[in-house]
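Novice: The following block contains the structure, expressed as C-alpha cells.
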Amino acid sequence: MNKEHLWRDRFRSFNKEIRKYLQYIFNGHLLFVLLIGLGGIAYYYSEWVKTLDSSFPAEILMAIVIGFVLTNSPILTFFKEPDVIFLLPIEKDLKGYVNKSLLVSLVLQGYLLVIVLAACMPLYVQVTGGAFGDFLYFISVLLIVKYANLKIRWNVQRLPETSSGVIDFIVRFLVNVLFLYFLFLHAPFIYLLVLSIVIGGLWIYFEKIASGKLLKWERLIELENKRMMLFYRVANLFTDVPKLKNKVTRRKWMDFVLHFIPSTHVETYTYLYARTLVRSNDYFGLTLRLSVIGSMILFACNVVWAKLLVVLLFLYLTGFQLLTISVHYDMKMWLQLYPVPETYREQSLMKLLTIILIGQAVIFSLFTWIAGDLVQAIIALTAGILFVIGFRFYMMKKIRSTK
C-alpha cells in the first residue's frame with residue numbers, strides 16, 4: 001500500500017464530499033438571509049465598539065474568545081471504520097500521513113483564527129489605542145501556538161485514559177488565555193517567554209508519554225464521524241443529505257405536550273410529527289439552540305430595528321429548517337397504512353409548525369420585555385406573528401412541492 005497515495009486519495013475524497021454540499025450552501029437563499037443578518041450584527045457591533053473607552057476589558061475578552069478557538073483543535077485524520085483492520089499492521093509507518101493531517105488541520109483552523117482575530121481588531125484598536133498593523137504580528141504568533149495545540153491534542157488522543165482529553169482542554173485553555181492576555185496587553189517579553197516554555201513543555205511531555213503507544217482507532221474514527229455529521233447537519237439545511245444519521249432521545253419530561261393532542265383520526269399525523277419533534281435530536285436541539293441564541297441577542301440588543309431583524313431572522317431560520325420534517329417519513333411505507341386522508345398530513349404539519357413559530361415569537365418578545373421595554377416587546381411579538389402568517393404560504397408551497 002502506498003501511504004502517500006492513501007492520504008492524497010482520502011483528502012481528495014474529503015474535498016469532493018465537502019465541495020458537493022458547499023455548492024448547495026452557497027447557492028441557497030438561506031445564505032442570503034444569513035448575510036443580511038450578519039450585516040446587521042456587524043453594523044450593530046461597530047456602533048457598540050464606538051461607545052467603548054479604555055476602561056473596557058478588551059484584552060481579557062479577546063483572550064477568552066480567541067483562547068477557545070486556539071484550544072479547540074480537532075485533527076482531520078480522514079480515518080474510516082475499515083482502517084481498524086487494514087491500516088493497523090502499518091500503523092507505525094503512518095507518521096507522514098499524520099503530519100499531513102496536522103498541516104491540513106492547521107490551514108483550515110488558521111482561516112477561522114484569521115476571521116475571529118479580524119473581528120476582534122476593531123475592539124482592540126478602539127480600547128487599547130493599538131494599530132491594525134498589529135494584526136500580522138498577532139496572527140503569526142497565533143498560528144505557531146495553534147500548531148503546538150494541535151500536536152498536544154494529537155498526543156493526548158493516543159493516551160488510553162479518556163479523561164485526559166478533558167483535563168488537557170482545561171489546562172491548555174487556561175495557558176492559552178493567559179498567553180493571549182499578555183500578548184494583547186503588550187506585556188514584557190519575559191511573560192510571553194515563560195508561557196511559551198510552558199506550552200512547549202506540555203508538547204514535549206505528552207510527546208514523551210504517548211511515544212510508543214498505539215493509536216486509539218475507535219476513538220479517532222468516532223471523532224472523525226462526529227465532525228462529518230456536524231457538517232452534514234449544516235448541509236442538510238440546504239439540501240437532503242443521505243448520510244445524515246438522525247439520533248433519537250427519549251424525553252419523558254416533554255410528554256405533557258402530547259397530552260394536549262386529542263386522540264382522533266384527524267390528529268393522527270399531529271401526534272406523529274409532535275412526537276418526532278420532541279424525540280429527534282436534530283429538530284428539538286435545533287429549535288432549542290436557535291431560541292436560546294436569539295433570546296440572548298435580544299436581551300443584549302437595545303436598538304428597535306435590530307431587535308426586529310433578529311426576531312424575523314431566527315423565526316425564518318427555525319421555520320425553514322423544521323420544514324425538512326415534511327420528508328422525514330417519505331421512505332417509511334407503514335405510513336400508507338394509516339386509515340386517514342393524506343390531506344390530514346399536510347394540515348397537521350402546518351398547524352404544528354405554526355404553533356412552534358408563534359411560541360418562539362412569544363419567547364423572543366418576553367426576552368425583549370425583560371430587557372426593559374414593553375412597547376418594543378409588543379412590536380416584536382406583532383412582527384413575529386405577522387411573519388408567521390406570511391410564512392405559512394411559503395410552508396404550504398414547500399410541503400406540497402415535496403409530494
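Naming works like this for the C-alpha cells: A, B, ... for the chains as they're shown, residue 1 at the start of each chain, ligands 1 onward in shown order.
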For A:Leu108, find every residue with an atom within 12 Å (counting only C-alpha atoms), except residues of its own chain fewer than 4 positions away, and show them as number ranges by chain.
Specialist: A: 73-76, 101-104, 112-115, 143, 146-147
Novice: Give me a file of those residues, with all heavy atoms, as a short mmCIF file (atom, residue, chain, number, x, y, z; two decimals), in the first residue's frame.
Specialist:
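Resulting contents of again_31.cif:
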data_model
loop_
_atom_site.label_atom_id
_atom_site.label_comp_id
_atom_site.auth_asym_id
_atom_site.auth_seq_id
_atom_site.Cartn_x
_atom_site.Cartn_y
_atom_site.Cartn_z
N SER A 73 -8.92 22.16 19.08
CA SER A 73 -8.03 21.82 17.96
C SER A 73 -8.30 20.42 17.42
O SER A 73 -7.51 19.49 17.62
CB SER A 73 -6.57 21.94 18.39
OG SER A 73 -6.28 23.24 18.85
N PRO A 74 -9.44 20.23 16.75
CA PRO A 74 -9.72 18.92 16.15
C PRO A 74 -8.76 18.62 15.00
O PRO A 74 -8.34 19.52 14.29
CB PRO A 74 -11.16 19.06 15.65
CG PRO A 74 -11.34 20.52 15.41
CD PRO A 74 -10.51 21.21 16.46
N ILE A 75 -8.42 17.36 14.84
CA ILE A 75 -7.46 16.95 13.82
C ILE A 75 -8.18 16.09 12.79
O ILE A 75 -8.78 15.06 13.13
CB ILE A 75 -6.29 16.17 14.45
CG1 ILE A 75 -5.57 17.07 15.44
CG2 ILE A 75 -5.32 15.69 13.39
CD1 ILE A 75 -4.86 16.35 16.53
N LEU A 76 -8.13 16.52 11.54
CA LEU A 76 -8.77 15.78 10.45
C LEU A 76 -7.88 14.61 10.05
O LEU A 76 -6.86 14.79 9.37
CB LEU A 76 -9.01 16.69 9.26
CG LEU A 76 -9.92 17.91 9.51
CD1 LEU A 76 -9.95 18.81 8.31
CD2 LEU A 76 -11.33 17.45 9.87
N SER A 101 -2.05 15.39 7.89
CA SER A 101 -3.34 15.68 8.51
C SER A 101 -3.23 16.87 9.45
O SER A 101 -4.12 17.73 9.51
CB SER A 101 -3.85 14.45 9.27
OG SER A 101 -4.13 13.39 8.38
N LEU A 102 -2.13 16.93 10.21
CA LEU A 102 -1.91 18.06 11.11
C LEU A 102 -1.77 19.36 10.33
O LEU A 102 -2.29 20.41 10.74
CB LEU A 102 -0.67 17.82 11.97
CG LEU A 102 -0.79 16.76 13.06
CD1 LEU A 102 0.58 16.43 13.64
CD2 LEU A 102 -1.73 17.23 14.16
N LEU A 103 -1.07 19.30 9.20
CA LEU A 103 -0.87 20.50 8.39
C LEU A 103 -2.18 21.00 7.81
O LEU A 103 -2.47 22.21 7.83
CB LEU A 103 0.13 20.21 7.27
CG LEU A 103 0.48 21.38 6.35
CD1 LEU A 103 1.09 22.52 7.16
CD2 LEU A 103 1.44 20.93 5.26
N VAL A 104 -2.99 20.09 7.29
CA VAL A 104 -4.30 20.47 6.75
C VAL A 104 -5.19 21.05 7.85
O VAL A 104 -5.89 22.06 7.64
CB VAL A 104 -4.98 19.27 6.07
CG1 VAL A 104 -6.44 19.59 5.75
CG2 VAL A 104 -4.25 18.89 4.80
N LEU A 112 -10.10 30.15 10.40
CA LEU A 112 -11.02 30.55 11.47
C LEU A 112 -10.35 31.54 12.41
O LEU A 112 -10.97 32.52 12.85
CB LEU A 112 -11.49 29.31 12.24
CG LEU A 112 -12.45 29.56 13.41
CD1 LEU A 112 -13.71 30.26 12.91
CD2 LEU A 112 -12.80 28.25 14.10
N LEU A 113 -9.08 31.31 12.71
CA LEU A 113 -8.34 32.25 13.57
C LEU A 113 -8.26 33.63 12.93
O LEU A 113 -8.41 34.65 13.61
CB LEU A 113 -6.92 31.72 13.82
CG LEU A 113 -6.73 30.75 14.99
CD1 LEU A 113 -5.30 30.24 15.01
CD2 LEU A 113 -7.09 31.40 16.31
N VAL A 114 -8.01 33.66 11.64
CA VAL A 114 -7.93 34.94 10.92
C VAL A 114 -9.25 35.69 11.02
O VAL A 114 -9.29 36.90 11.28
CB VAL A 114 -7.55 34.71 9.44
CG1 VAL A 114 -7.72 36.00 8.63
CG2 VAL A 114 -6.11 34.22 9.33
N ILE A 115 -10.37 34.97 10.83
CA ILE A 115 -11.69 35.60 10.87
C ILE A 115 -12.00 36.14 12.26
O ILE A 115 -12.45 37.28 12.42
CB ILE A 115 -12.77 34.58 10.43
CG1 ILE A 115 -12.59 34.22 8.95
CG2 ILE A 115 -14.17 35.14 10.66
CD1 ILE A 115 -13.48 33.10 8.48
N LEU A 143 -0.71 31.35 14.93
CA LEU A 143 -0.55 30.14 14.12
C LEU A 143 0.50 29.20 14.72
O LEU A 143 0.34 27.97 14.69
CB LEU A 143 -0.16 30.51 12.69
CG LEU A 143 -1.27 31.17 11.85
CD1 LEU A 143 -0.73 31.60 10.49
CD2 LEU A 143 -2.44 30.20 11.68
N LYS A 146 -1.14 27.67 17.67
CA LYS A 146 -2.16 26.73 17.20
C LYS A 146 -1.53 25.39 16.82
O LYS A 146 -2.09 24.34 17.16
CB LYS A 146 -2.89 27.32 15.98
CG LYS A 146 -4.03 26.46 15.46
CD LYS A 146 -5.14 26.36 16.50
CE LYS A 146 -6.33 25.61 15.97
NZ LYS A 146 -7.42 25.52 16.94
N TYR A 147 -0.41 25.43 16.15
CA TYR A 147 0.25 24.18 15.77
C TYR A 147 0.67 23.41 17.02
O TYR A 147 0.55 22.18 17.07
CB TYR A 147 1.47 24.46 14.89
CG TYR A 147 2.13 23.20 14.39
CD1 TYR A 147 1.54 22.42 13.41
CD2 TYR A 147 3.35 22.77 14.93
CE1 TYR A 147 2.14 21.25 12.96
CE2 TYR A 147 3.95 21.61 14.49
CZ TYR A 147 3.34 20.85 13.50
OH TYR A 147 3.94 19.68 13.08
#
Novice: Quick one: residues within 7 Å of stretch 178-187 of chain A, only C-alpha atoms, excluding same-chain residues fewer than 5 positions away - as a PyMOL selection string?
Specialist: chain A and resi 59-60+63+192+195
Novice: Generate a file of the selected residues that holds N, CA and C atoms, formatted as a short mmCIF file (atom, residue, chain, number, x, y, z; two decimals), in the first residue's frame.
Specialist:
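Dumped everything to again-v2.cif:
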data_model
loop_
_atom_site.label_atom_id
_atom_site.label_comp_id
_atom_site.auth_asym_id
_atom_site.auth_seq_id
_atom_site.Cartn_x
_atom_site.Cartn_y
_atom_site.Cartn_z
N GLU A 59 -8.80 43.24 26.37
CA GLU A 59 -7.74 42.23 26.29
C GLU A 59 -8.18 40.88 26.83
N ILE A 60 -8.84 40.89 27.99
CA ILE A 60 -9.25 39.62 28.59
C ILE A 60 -10.39 38.99 27.79
N ALA A 63 -8.86 37.50 24.76
CA ALA A 63 -8.07 36.33 25.16
C ALA A 63 -8.96 35.11 25.38
N LEU A 192 5.63 36.35 28.09
CA LEU A 192 5.32 35.51 26.93
C LEU A 192 6.32 34.37 26.81
N LEU A 195 5.41 31.60 29.37
CA LEU A 195 4.24 30.83 28.94
C LEU A 195 4.53 30.01 27.69
#
Novice: Rounded to one decimal place, report the atom CA of A:Ile139-atom CA of A:Val65 distance in Å.
Specialist: 14.4 Å
Novice: State, in Å with one decimal place, the distance from atom CA of A:Gly130 to atom CA of A:Ser46.
Specialist: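 So the two atoms, atom CA of A:Gly130 and atom CA of A:Ser46, lie 16.6 Å apart.
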Novice: Looking at only C-alpha atoms, which of A:Arg172, A:Tyr137, A:Ile385, A:Leu298 is the one that sits closest to A:Ile370?
Specialist: A:Leu298
Novice: Counting only C-alpha atoms, what is within 10 Å of stretch 199-202 of chain A, bar same-chain residues fewer than 2 positions away, as a list in words?
Specialist: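 Answer for this query is Val145, Ala148, Asn149, Lys151, Ile152, Asp168, Val171, Arg172, Val175, Asn176, Phe179, Leu193, Val194, Leu195, Ser196, Ile197, Ile204, Tyr205, Phe206, Glu207 and Lys208 of chain A.
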Novice: I want to know what sits within 12 Å of A:Ala380, based on only C-alpha atoms, with residues of the same chain fewer than 4 positions away left out; could you give that as a VMD selection string?
Specialist: chain A and resid 295 298 303 to 313 315 358 360 to 369 373 to 376 384 to 387
Novice: Can you list, as a PyMOL selection string, every protein, DNA or RNA residue that comes within 8 Å of A:Ala235 when you count only C-alpha atoms, leaving out same-chain residues fewer than 6 positions away?
Specialist: chain A and resi 21-22+24-25+241
Novice: Show which residues sit within 8 Å of A:Leu352, as a PyMOL selection string. Count only C-alpha atoms, and ignore same-chain residues fewer than 3 positions away.
Specialist: chain A and resi 270+273-274+348-349+355-356
Novice: Closest to A:Ile170 among A:Thr71, A:Thr51, A:Asn225, A:Thr382, using only C-alpha atoms?
Specialist: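 Distance minimum relative to A:Ile170 lands on A:Thr71.
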Novice: Report the distance between atom CA of A:Ala383 and atom CA of A:Phe299 in Å, rounded to one decimal place.
Specialist: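 Here the two named atoms are 17.2 Å from each other.
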Novice: Pick from A:Gly294, A:Pro89, A:Gly96, A:Pro57: nearest to A:Thr77, with only C-alpha atoms counted?
Specialist: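 Between A:Gly294, A:Pro89, A:Gly96, A:Pro57, the residue approaching A:Thr77 most closely is A:Gly96.
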